[in-house]
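Colleague: What follows is final.cif, made up of mmCIF, C-alpha atoms:
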data_upload
loop_
_atom_site.group_PDB
_atom_site.id
_atom_site.type_symbol
_atom_site.label_atom_id
_atom_site.label_comp_id
_atom_site.auth_asym_id
_atom_site.auth_seq_id
_atom_site.Cartn_x
_atom_site.Cartn_y
_atom_site.Cartn_z
ATOM 1 C CA ILE A 1 0.000 0.000 0.000
ATOM 2 C CA SER A 2 2.750 2.448 0.906
ATOM 3 C CA LEU A 3 4.462 1.919 -2.462
ATOM 4 C CA ARG A 4 1.223 2.733 -4.287
ATOM 5 C CA LEU A 5 0.714 5.872 -2.207
ATOM 6 C CA GLU A 6 4.315 6.908 -2.851
ATOM 7 C CA ARG A 7 3.962 6.376 -6.623
ATOM 8 C CA ALA A 8 0.757 8.424 -6.553
ATOM 9 C CA GLY A 9 2.697 11.272 -4.925
ATOM 10 C CA LEU A 10 0.627 11.222 -1.744
ATOM 11 C CA ILE A 11 3.354 10.186 0.702
ATOM 12 C CA GLU A 12 7.121 10.148 1.056
ATOM 13 C CA ARG A 13 8.948 7.132 2.510
ATOM 14 C CA ARG A 14 12.131 7.770 4.491
ATOM 15 C CA ARG A 15 14.338 4.873 5.534
ATOM 16 C CA GLU A 16 15.477 5.148 9.142
ATOM 17 C CA LEU A 17 16.882 3.079 11.965
ATOM 18 C CA HIS A 18 14.422 2.529 14.830
ATOM 19 C CA GLU A 19 15.391 0.500 17.896
ATOM 20 C CA GLY A 20 18.139 -1.251 15.936
ATOM 21 C CA LYS A 21 15.940 -2.176 12.965
ATOM 22 C CA TRP A 22 15.604 -0.524 9.575
ATOM 23 C CA THR A 23 12.110 0.676 8.802
ATOM 24 C CA TYR A 24 10.374 3.384 6.798
ATOM 25 C CA ARG A 25 8.737 6.507 8.145
ATOM 26 C CA LEU A 26 5.721 7.456 6.031
ATOM 27 C CA ILE A 27 5.172 11.179 5.655
ATOM 28 C CA ALA A 28 2.043 12.638 4.075
ATOM 29 C CA LYS A 29 2.826 15.204 1.417
ATOM 30 C CA LYS A 30 1.194 18.565 1.982
ATOM 31 C CA ARG A 31 -1.285 19.522 -0.697
ATOM 32 C CA ALA A 32 -2.954 22.841 -1.217
ATOM 33 C CA VAL A 33 -6.571 22.762 -0.132
ATOM 34 C CA ASN A 34 -9.094 24.276 -2.475
ATOM 35 C CA PRO A 35 -12.237 25.262 -0.537
ATOM 36 C CA LEU A 36 -14.190 25.348 -3.797
ATOM 37 C CA SER A 37 -13.818 21.559 -4.030
ATOM 38 C CA ILE A 38 -16.562 21.008 -1.430
ATOM 39 C CA LEU A 39 -19.125 23.338 -2.980
ATOM 40 C CA ASP A 40 -20.877 20.453 -4.693
ATOM 41 C CA LEU A 41 -20.597 18.099 -1.692
ATOM 42 C CA PRO A 42 -23.996 16.349 -1.634
ATOM 43 C CA CYS A 43 -24.155 16.279 2.185
ATOM 44 C CA ALA A 44 -24.638 20.047 2.384
ATOM 45 C CA PHE A 45 -28.006 19.845 0.617
ATOM 46 C CA CYS A 46 -29.133 16.326 1.508
ATOM 47 C CA PRO A 47 -32.715 16.044 2.832
ATOM 48 C CA GLU A 48 -31.607 13.005 4.911
ATOM 49 C CA GLN A 49 -28.822 14.938 6.660
ATOM 50 C CA ASP A 50 -30.493 14.828 10.083
ATOM 51 C CA LYS A 51 -30.726 10.995 9.919
ATOM 52 C CA CYS A 52 -27.223 10.454 8.539
ATOM 53 C CA GLY A 53 -24.464 8.902 10.605
ATOM 54 C CA LEU A 54 -22.459 5.725 10.954
ATOM 55 C CA GLY A 55 -24.812 3.009 12.129
ATOM 56 C CA GLY A 56 -27.874 5.155 11.426
ATOM 57 C CA PRO A 57 -30.679 4.637 8.911
ATOM 58 C CA VAL A 58 -28.686 6.685 6.383
ATOM 59 C CA SER A 59 -24.910 6.314 6.422
ATOM 60 C CA PRO A 60 -22.026 8.052 4.640
ATOM 61 C CA ALA A 61 -20.489 4.582 4.238
ATOM 62 C CA SER A 62 -23.325 3.478 1.939
ATOM 63 C CA CYS A 63 -24.400 6.768 0.345
ATOM 64 C CA PRO A 64 -24.324 6.556 -3.466
ATOM 65 C CA LEU A 65 -24.316 10.350 -3.853
ATOM 66 C CA LEU A 66 -21.275 10.700 -1.602
ATOM 67 C CA ALA A 67 -19.506 7.850 -3.430
ATOM 68 C CA GLN A 68 -20.157 9.510 -6.816
ATOM 69 C CA TRP A 69 -18.863 12.842 -5.507
ATOM 70 C CA ALA A 70 -15.713 11.190 -4.099
ATOM 71 C CA GLU A 71 -15.030 9.393 -7.393
ATOM 72 C CA LYS A 72 -15.476 12.645 -9.291
ATOM 73 C CA MET A 73 -13.002 14.385 -6.968
ATOM 74 C CA VAL A 74 -10.431 11.590 -7.382
ATOM 75 C CA HIS A 75 -10.659 11.800 -11.183
ATOM 76 C CA LYS A 76 -10.378 15.573 -11.029
ATOM 77 C CA LEU A 77 -7.287 15.408 -8.793
ATOM 78 C CA GLN A 78 -5.659 12.775 -11.009
ATOM 79 C CA GLY A 79 -6.202 15.043 -14.005
ATOM 80 C CA GLU A 80 -4.371 17.893 -12.234
ATOM 81 C CA ARG A 81 -1.135 15.897 -12.022
#
Can you turn what I pasted into structure tokens?
Modeller:
Amino acid sequence: ISLRLERAGLIERRRELHEGKWTYRLIAKKRAVNPLSILDLPCAFCPEQDKCGLGGPVSPASCPLLAQWAEKMVHKLQGER
């Protein structure tokens, strides 16, 4: 997983000695945050917002609108690289 994240430019791996053993420290790369990216977040205008929560009748874990939005954001970010 860490190799995939490193290739995607999301983390940096640094080799270091820890308690006599070689290991890698994983460091998240800082990315500029664009507040405009959440303008079309479906949660802000969802009529089920008051019922939504993990374990509730409506959940972000199973919301198709949130999944579509997340996929769209991933594709958009991949296009920026």
Colleague: Give me the result of the PyMOL selection byres ((chain A and resi 39-41) around 12) on this file, residue by residue, as a PyMOL selection string.
Modeller: chain A and resi 34-38+42-46+60+65-73
Colleague: Give as JSON, numbers by chain the set of residues within 12 Å of the point (-1.0, 3.8, 0.6), where distances use the file's coordinates and all atoms listed in the file.
Modeller: {"A": [1, 2, 3, 4, 5, 6, 7, 8, 9, 10, 11, 12, 13, 26, 27, 28]}
Colleague: Can you work out the spacing between CA of Leu17 in chain A and CA of Arg31 in chain A in Å, to one decimal?
Modeller: 27.6 Å
